[in-house]
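Read the structure below first, then the notes.
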Amino acid sequence: MSGDEERAGVSLTNLSQPLFDGAGATKRDLVDYLDAVRDRILPELRDRPLSVMRVRPGQQPFMQKNVPKYTPDWVRTVRVWAESSKREVSYALCDDRRTLLWFANQRAVEYHPTLVRAGDWERISYLVLDLDPPAGETFAAAVGAAKLVRQALADAGMAGAVKTSGAKGVHVFVPVGTEATIEEVAAATRAVAARAERIDPVLATTAYIKEERGGKVFLDSTRSGGATVVAAYSPRLRPGVPVSFPVPWDDLDQVTPADFTVHTAARLVADHDPWAELMPGPQRLPADLIAEGREIPIARVVAMHEGKRRARARRD
């Protein structure tokens, strides 16, 4: 039995199939989880151009930005110019249950919204730091780095909320006021990362080039502008299908990413929304933080120049 059914006008097919190799979950588990948490995840997706990670039977997972030609006409979309590919991309806006269920039926496992809203392209909602432990390290290393970021924010008179990435890492989100420009948020993000690194340079690094990180947790300050970050409550394409899940700061030491999966997370948010509850209000960026960040080179630009330098050295 395939277990096909219909919900909210969406035909759901092949629900009994394994979601992917090693998932320990079926397609039905994905659909049921996303439907159960729709009132939690939809506020994180609404009005934001969406990229998704999909997985088809027998194929490698892939990132989908441009909506396919067979997308229903009731799925809202927005066209965005992609400078990297020099073309317009038609992104979906996942604003309602029906669209979310359609994505689930497409085996869209991960949900990566932009930090800007459609129609408000000049304003970014959050300052975000993605804390990524090196290969071989555990979630505990990312937790230690998150505490450095929390201290750096507190020293600047700011506060953020934290969630598991759903992999080994941690995401710190700081809501920013509408007066901040994208460039100012990007600069402030670099400054927060640099200040956190200075607190404990043995544990954390802002080095963008992997070979220069020395086995430390990478404080990724590049999530700005048109960047995406996996949404709170989004599943991840990992064994067991963990979920990116909000955690109170004081509880970070007591959890692991595996505590939150498509099998366990829905009941944890059945009667409340911890991400909304833990998120502080929008904050004004301190002028000194912005000024400091403007003096810090943009990591991707530095990496690009370094890549070109290494290529020249190889040719020579």
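Going by the structure tokens order, chains are called A, B, ..., each with residues numbered from 1, while ligands are numbered from 1 in the order shown.
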Mind dumping a table of every segment 204-314 of chain A residue within 12 Å of segment 37-55 of chain A, with the nearest atom pair and its distance in Å to one decimal, using only C-alpha atoms, sorted by chain and rising number, as a Markdown table?
| residue | atom | partner | partner_atom | distance |
| --- | --- | --- | --- | --- |
| A:Gly226 | CA | A:Pro49 | CA | 9.4 |
| A:Ala227 | CA | A:Pro49 | CA | 10.3 |
| A:Thr228 | CA | A:Ser51 | CA | 7.9 |
| A:Val229 | CA | A:Ser51 | CA | 9.6 |
| A:Val230 | CA | A:Val52 | CA | 9.1 |
| A:Ala231 | CA | A:Glu44 | CA | 6.3 |
| A:Ala232 | CA | A:Ile41 | CA | 6.7 |
| A:Tyr233 | CA | A:Ile41 | CA | 5.9 |
| A:Ser234 | CA | A:Ile41 | CA | 7.3 |
| A:Pro235 | CA | A:Met53 | CA | 9.9 |
| A:Arg236 | CA | A:Met53 | CA | 8.5 |
| A:Leu237 | CA | A:Met53 | CA | 7.9 |
| A:Arg238 | CA | A:Val55 | CA | 11.5 |
| A:Val243 | CA | A:Ile41 | CA | 11.3 |
| A:Ser244 | CA | A:Ile41 | CA | 10.7 |
| A:Phe245 | CA | A:Ile41 | CA | 10.7 |
| A:Pro246 | CA | A:Arg40 | CA | 11.3 |
| A:Val262 | CA | A:Val37 | CA | 9.9 |
| A:His263 | CA | A:Val37 | CA | 11.8 |
| A:Thr264 | CA | A:Val37 | CA | 11.4 |
| A:Ala265 | CA | A:Val37 | CA | 8.6 |
| A:Ala266 | CA | A:Val37 | CA | 5.9 |
| A:Arg267 | CA | A:Val37 | CA | 8.9 |
| A:Leu268 | CA | A:Val37 | CA | 9.8 |
| A:Val269 | CA | A:Val37 | CA | 7.3 |
| A:Ala270 | CA | A:Val37 | CA | 7.6 |
| A:Asp271 | CA | A:Arg40 | CA | 10.3 |
| A:His272 | CA | A:Arg40 | CA | 8.6 |
| A:Asp273 | CA | A:Arg40 | CA | 6.2 |
| A:Pro274 | CA | A:Arg40 | CA | 8.9 |
| A:Trp275 | CA | A:Arg40 | CA | 8.3 |
| A:Ala276 | CA | A:Arg40 | CA | 8.6 |
| A:Glu277 | CA | A:Arg40 | CA | 11.3 |
Q.
Neighbouring residues of Ala145 of chain A were defined as those with any atom within 7 Å, considering only C-alpha atoms; residues of the same chain fewer than 2 positions away were excluded. Please report them as an MDAnalysis selection string.
A. chainID A and resid 131 141:143 147:149 203:204 217
Go ahead and save the residues from that selection, with all heavy atoms, as a compact mmCIF listing (two decimals), in the first residue's frame.
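What follows is the written file part_11.txt:
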# COMPACT_ATOMS: atom_id res chain seq x y z
N LEU A 131 27.57 28.75 13.70
CA LEU A 131 28.74 28.23 14.40
C LEU A 131 28.93 26.77 14.01
O LEU A 131 28.12 25.91 14.33
CB LEU A 131 28.54 28.37 15.92
CG LEU A 131 28.03 29.75 16.36
CD1 LEU A 131 27.89 29.83 17.86
CD2 LEU A 131 28.94 30.87 15.84
N ALA A 141 31.41 21.52 21.17
CA ALA A 141 32.32 22.58 20.73
C ALA A 141 31.53 23.77 20.21
O ALA A 141 31.87 24.93 20.48
CB ALA A 141 33.26 22.04 19.66
N ALA A 142 30.46 23.50 19.45
CA ALA A 142 29.62 24.58 18.94
C ALA A 142 28.93 25.31 20.08
O ALA A 142 28.76 26.53 20.04
CB ALA A 142 28.59 24.03 17.96
N VAL A 143 28.52 24.58 21.10
CA VAL A 143 27.90 25.20 22.27
C VAL A 143 28.87 26.15 22.95
O VAL A 143 28.52 27.27 23.34
CB VAL A 143 27.41 24.12 23.26
CG1 VAL A 143 26.98 24.75 24.58
CG2 VAL A 143 26.25 23.32 22.66
N LYS A 147 28.46 30.34 23.41
CA LYS A 147 28.57 31.12 24.65
C LYS A 147 29.50 32.32 24.45
O LYS A 147 29.29 33.38 25.07
CB LYS A 147 29.07 30.22 25.77
CG LYS A 147 28.06 29.15 26.18
CD LYS A 147 28.61 28.25 27.28
CE LYS A 147 27.59 27.20 27.70
NZ LYS A 147 28.12 26.30 28.75
N LEU A 148 30.51 32.17 23.61
CA LEU A 148 31.38 33.31 23.29
C LEU A 148 30.59 34.38 22.56
O LEU A 148 30.73 35.58 22.85
CB LEU A 148 32.55 32.86 22.42
CG LEU A 148 33.45 31.75 22.95
CD1 LEU A 148 34.58 31.47 21.96
CD2 LEU A 148 34.03 32.12 24.32
N VAL A 149 29.76 33.96 21.61
CA VAL A 149 28.94 34.92 20.87
C VAL A 149 27.95 35.60 21.81
O VAL A 149 27.75 36.82 21.73
CB VAL A 149 28.19 34.20 19.72
CG1 VAL A 149 27.17 35.14 19.08
CG2 VAL A 149 29.18 33.69 18.69
N LEU A 203 39.44 28.32 21.02
CA LEU A 203 38.23 27.57 20.69
C LEU A 203 37.65 27.97 19.34
O LEU A 203 37.18 27.12 18.58
CB LEU A 203 37.17 27.78 21.77
CG LEU A 203 35.76 27.21 21.50
CD1 LEU A 203 35.82 25.69 21.36
CD2 LEU A 203 34.79 27.62 22.60
N ALA A 204 37.65 29.26 19.04
CA ALA A 204 36.89 29.77 17.90
C ALA A 204 37.77 30.56 16.94
O ALA A 204 38.79 31.14 17.33
CB ALA A 204 35.74 30.64 18.40
N VAL A 217 36.25 25.98 16.06
CA VAL A 217 34.88 26.22 15.60
C VAL A 217 34.87 27.48 14.73
O VAL A 217 35.40 28.52 15.11
CB VAL A 217 33.93 26.40 16.79
CG1 VAL A 217 32.51 26.72 16.29
CG2 VAL A 217 33.91 25.16 17.66
Q | Nearby residues (only C-alpha atoms) at most 12 Å from Arg198 of chain A, same-chain spacing under 3 positions excluded, as a ChimeraX atom specification | A | /A:145,148-149,151-152,191-195,201-206,219
Exercise: Ala188 of chain A partners within 9 Å, only C-alpha atoms, chain neighbours under 3 positions left out, as an mmCIF file with all heavy atoms, in the first residue's frame:
data_model
loop_
_atom_site.group_PDB
_atom_site.id
_atom_site.type_symbol
_atom_site.label_atom_id
_atom_site.label_comp_id
_atom_site.auth_asym_id
_atom_site.auth_seq_id
_atom_site.Cartn_x
_atom_site.Cartn_y
_atom_site.Cartn_z
ATOM 1 N N LEU A 127 20.534 39.616 12.446
ATOM 2 C CA LEU A 127 21.974 39.375 12.433
ATOM 3 C C LEU A 127 22.143 37.904 12.812
ATOM 4 O O LEU A 127 21.605 37.474 13.826
ATOM 5 C CB LEU A 127 22.654 40.296 13.446
ATOM 6 C CG LEU A 127 24.165 40.268 13.640
ATOM 7 C CD1 LEU A 127 24.633 41.575 14.290
ATOM 8 C CD2 LEU A 127 24.635 39.094 14.491
ATOM 9 N N GLU A 183 24.111 46.546 4.660
ATOM 10 C CA GLU A 183 25.562 46.714 4.828
ATOM 11 C C GLU A 183 25.926 46.875 6.297
ATOM 12 O O GLU A 183 26.935 46.314 6.764
ATOM 13 C CB GLU A 183 26.037 47.928 4.025
ATOM 14 C CG GLU A 183 27.533 48.176 4.082
ATOM 15 C CD GLU A 183 27.980 48.997 5.292
ATOM 16 O OE1 GLU A 183 27.178 49.816 5.785
ATOM 17 O OE2 GLU A 183 29.134 48.802 5.744
ATOM 18 N N GLU A 184 25.117 47.605 7.054
ATOM 19 C CA GLU A 184 25.402 47.796 8.479
ATOM 20 C C GLU A 184 25.267 46.489 9.249
ATOM 21 O O GLU A 184 26.080 46.189 10.134
ATOM 22 C CB GLU A 184 24.465 48.861 9.052
ATOM 23 C CG GLU A 184 24.781 50.266 8.586
ATOM 24 C CD GLU A 184 23.715 51.269 8.991
ATOM 25 O OE1 GLU A 184 22.556 50.862 9.256
ATOM 26 O OE2 GLU A 184 24.033 52.472 9.029
ATOM 27 N N VAL A 185 24.243 45.687 8.923
ATOM 28 C CA VAL A 185 24.076 44.398 9.598
ATOM 29 C C VAL A 185 25.250 43.481 9.266
ATOM 30 O O VAL A 185 25.783 42.788 10.139
ATOM 31 C CB VAL A 185 22.737 43.739 9.209
ATOM 32 C CG1 VAL A 185 22.622 42.364 9.852
ATOM 33 C CG2 VAL A 185 21.564 44.615 9.642
ATOM 34 N N ALA A 191 31.865 42.076 13.151
ATOM 35 C CA ALA A 191 32.436 42.570 14.396
ATOM 36 C C ALA A 191 32.093 41.660 15.573
ATOM 37 O O ALA A 191 32.949 41.383 16.423
ATOM 38 C CB ALA A 191 31.951 43.991 14.671
ATOM 39 N N VAL A 192 30.852 41.180 15.648
ATOM 40 C CA VAL A 192 30.473 40.267 16.733
ATOM 41 C C VAL A 192 31.324 39.005 16.676
ATOM 42 O O VAL A 192 31.816 38.513 17.698
ATOM 43 C CB VAL A 192 28.976 39.918 16.661
ATOM 44 C CG1 VAL A 192 28.634 38.806 17.652
ATOM 45 C CG2 VAL A 192 28.121 41.148 16.954
ATOM 46 N N ALA A 193 31.499 38.468 15.470
ATOM 47 C CA ALA A 193 32.319 37.260 15.322
ATOM 48 C C ALA A 193 33.752 37.514 15.769
ATOM 49 O O ALA A 193 34.358 36.685 16.470
ATOM 50 C CB ALA A 193 32.287 36.785 13.868
ATOM 51 N N LEU A 285 21.622 48.526 16.241
ATOM 52 C CA LEU A 285 23.032 48.140 16.205
ATOM 53 C C LEU A 285 23.904 49.277 16.730
ATOM 54 O O LEU A 285 23.787 50.415 16.251
ATOM 55 C CB LEU A 285 23.447 47.798 14.772
ATOM 56 C CG LEU A 285 22.714 46.632 14.106
ATOM 57 C CD1 LEU A 285 23.146 46.510 12.654
ATOM 58 C CD2 LEU A 285 22.988 45.337 14.859
ATOM 59 N N PRO A 286 24.771 49.009 17.697
ATOM 60 C CA PRO A 286 25.668 50.051 18.197
ATOM 61 C C PRO A 286 26.586 50.577 17.093
ATOM 62 O O PRO A 286 27.096 49.805 16.276
ATOM 63 C CB PRO A 286 26.479 49.329 19.278
ATOM 64 C CG PRO A 286 25.653 48.160 19.676
ATOM 65 C CD PRO A 286 24.946 47.740 18.426
ATOM 66 N N ALA A 287 26.800 51.887 17.090
ATOM 67 C CA ALA A 287 27.612 52.503 16.040
ATOM 68 C C ALA A 287 29.041 51.979 16.048
ATOM 69 O O ALA A 287 29.652 51.801 14.987
ATOM 70 C CB ALA A 287 27.600 54.024 16.212
ATOM 71 N N ASP A 288 29.580 51.717 17.258
ATOM 72 C CA ASP A 288 30.962 51.242 17.315
ATOM 73 C C ASP A 288 31.091 49.830 16.750
ATOM 74 O O ASP A 288 32.136 49.466 16.190
ATOM 75 C CB ASP A 288 31.496 51.293 18.746
ATOM 76 C CG ASP A 288 30.765 50.341 19.684
ATOM 77 O OD1 ASP A 288 29.528 50.224 19.582
ATOM 78 O OD2 ASP A 288 31.434 49.701 20.521
ATOM 79 N N LEU A 289 30.032 49.033 16.861
ATOM 80 C CA LEU A 289 30.046 47.681 16.315
ATOM 81 C C LEU A 289 30.090 47.743 14.785
ATOM 82 O O LEU A 289 30.859 47.012 14.137
ATOM 83 C CB LEU A 289 28.809 46.924 16.786
ATOM 84 C CG LEU A 289 28.837 45.396 16.714
ATOM 85 C CD1 LEU A 289 29.848 44.824 17.688
ATOM 86 C CD2 LEU A 289 27.456 44.827 16.997
ATOM 87 N N ILE A 290 29.279 48.624 14.221
ATOM 88 C CA ILE A 290 29.266 48.787 12.768
ATOM 89 C C ILE A 290 30.614 49.299 12.278
ATOM 90 O O ILE A 290 31.179 48.786 11.293
ATOM 91 C CB ILE A 290 28.138 49.741 12.344
ATOM 92 C CG1 ILE A 290 26.773 49.166 12.720
ATOM 93 C CG2 ILE A 290 28.209 50.049 10.857
ATOM 94 C CD1 ILE A 290 25.619 50.145 12.553
ATOM 95 N N ALA A 291 31.158 50.302 12.970
ATOM 96 C CA ALA A 291 32.443 50.873 12.559
ATOM 97 C C ALA A 291 33.553 49.828 12.613
ATOM 98 O O ALA A 291 34.393 49.750 11.700
ATOM 99 C CB ALA A 291 32.781 52.065 13.451
ATOM 100 N N GLU A 292 33.565 49.018 13.663
ATOM 101 C CA GLU A 292 34.578 47.969 13.772
ATOM 102 C C GLU A 292 34.445 46.967 12.635
ATOM 103 O O GLU A 292 35.434 46.548 12.025
ATOM 104 C CB GLU A 292 34.457 47.255 15.122
ATOM 105 C CG GLU A 292 35.475 46.146 15.316
ATOM 106 C CD GLU A 292 35.336 45.442 16.657
ATOM 107 O OE1 GLU A 292 34.815 46.072 17.612
ATOM 108 O OE2 GLU A 292 35.764 44.278 16.759
ATOM 109 N N GLY A 293 33.218 46.584 12.345
ATOM 110 C CA GLY A 293 33.006 45.604 11.293
ATOM 111 C C GLY A 293 33.406 46.102 9.920
ATOM 112 O O GLY A 293 33.852 45.320 9.071
ATOM 113 N N ARG A 294 33.250 47.386 9.683
ATOM 114 C CA ARG A 294 33.634 47.947 8.377
ATOM 115 C C ARG A 294 35.135 47.867 8.141
ATOM 116 O O ARG A 294 35.586 47.917 6.994
ATOM 117 C CB ARG A 294 33.146 49.387 8.271
ATOM 118 C CG ARG A 294 31.654 49.490 8.010
ATOM 119 C CD ARG A 294 31.153 50.914 8.049
ATOM 120 N NE ARG A 294 29.764 50.999 7.595
ATOM 121 C CZ ARG A 294 28.933 51.992 7.895
ATOM 122 N NH1 ARG A 294 29.356 53.002 8.653
ATOM 123 N NH2 ARG A 294 27.691 51.981 7.446
#
Q. So which residues of segment 105-236 of chain A fall under strand (DSSP E or B) by DSSP, listed as a PyMOL selection string?
A. chain A and resi 108-114+116-117+120-124+126-132+161-164+170-176+204-205+217-220+228+235
(Q) When you count only C-alpha atoms, which of these residues is closest to Tyr208 of chain A: A:Ile298, A:Leu101, A:Val89, A:Leu19? (A)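 Looking at the shortest contact to Tyr208 of chain A, the residue is A:Ile298.
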Q) Which one of A:Arg97, A:Asp73, A:Ala258, A:Gln283 sits closest to Asp32 of chain A if you count only C-alpha atoms? A) A:Arg97
Q) Of the candidates A:Ala167, A:Leu100, A:Val80, A:Ala180, which shows the shortest atom-to-atom distance to Asp130 of chain A, using only C-alpha atoms? A) A:Ala167
**Q.** Closest of A:Ser11, A:Gln60, A:Ser84, A:Thr222 to Ile182 of chain A - atom-to-atom distances counting only C-alpha atoms
**A.** A:Thr222
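The interatomic distance for the pair atom CA of Arg117 of chain A and atom CA of Arg7 of chain A works out to 27.8 Å.
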(Q) When you count only C-alpha atoms, which of these residues is closest to Ala8 of chain A: A:Arg98, A:His171, A:Lys65, A:Arg79? (A) A:Arg98
(Q) Can you tell me which residues surround Arg56 of chain A at a distance of at most 10 Å, considering only C-alpha atoms, apart from same-chain residues fewer than 6 positions away, and format the answer as a ChimeraX atom specification? (A) /A:19-20,62,106-108
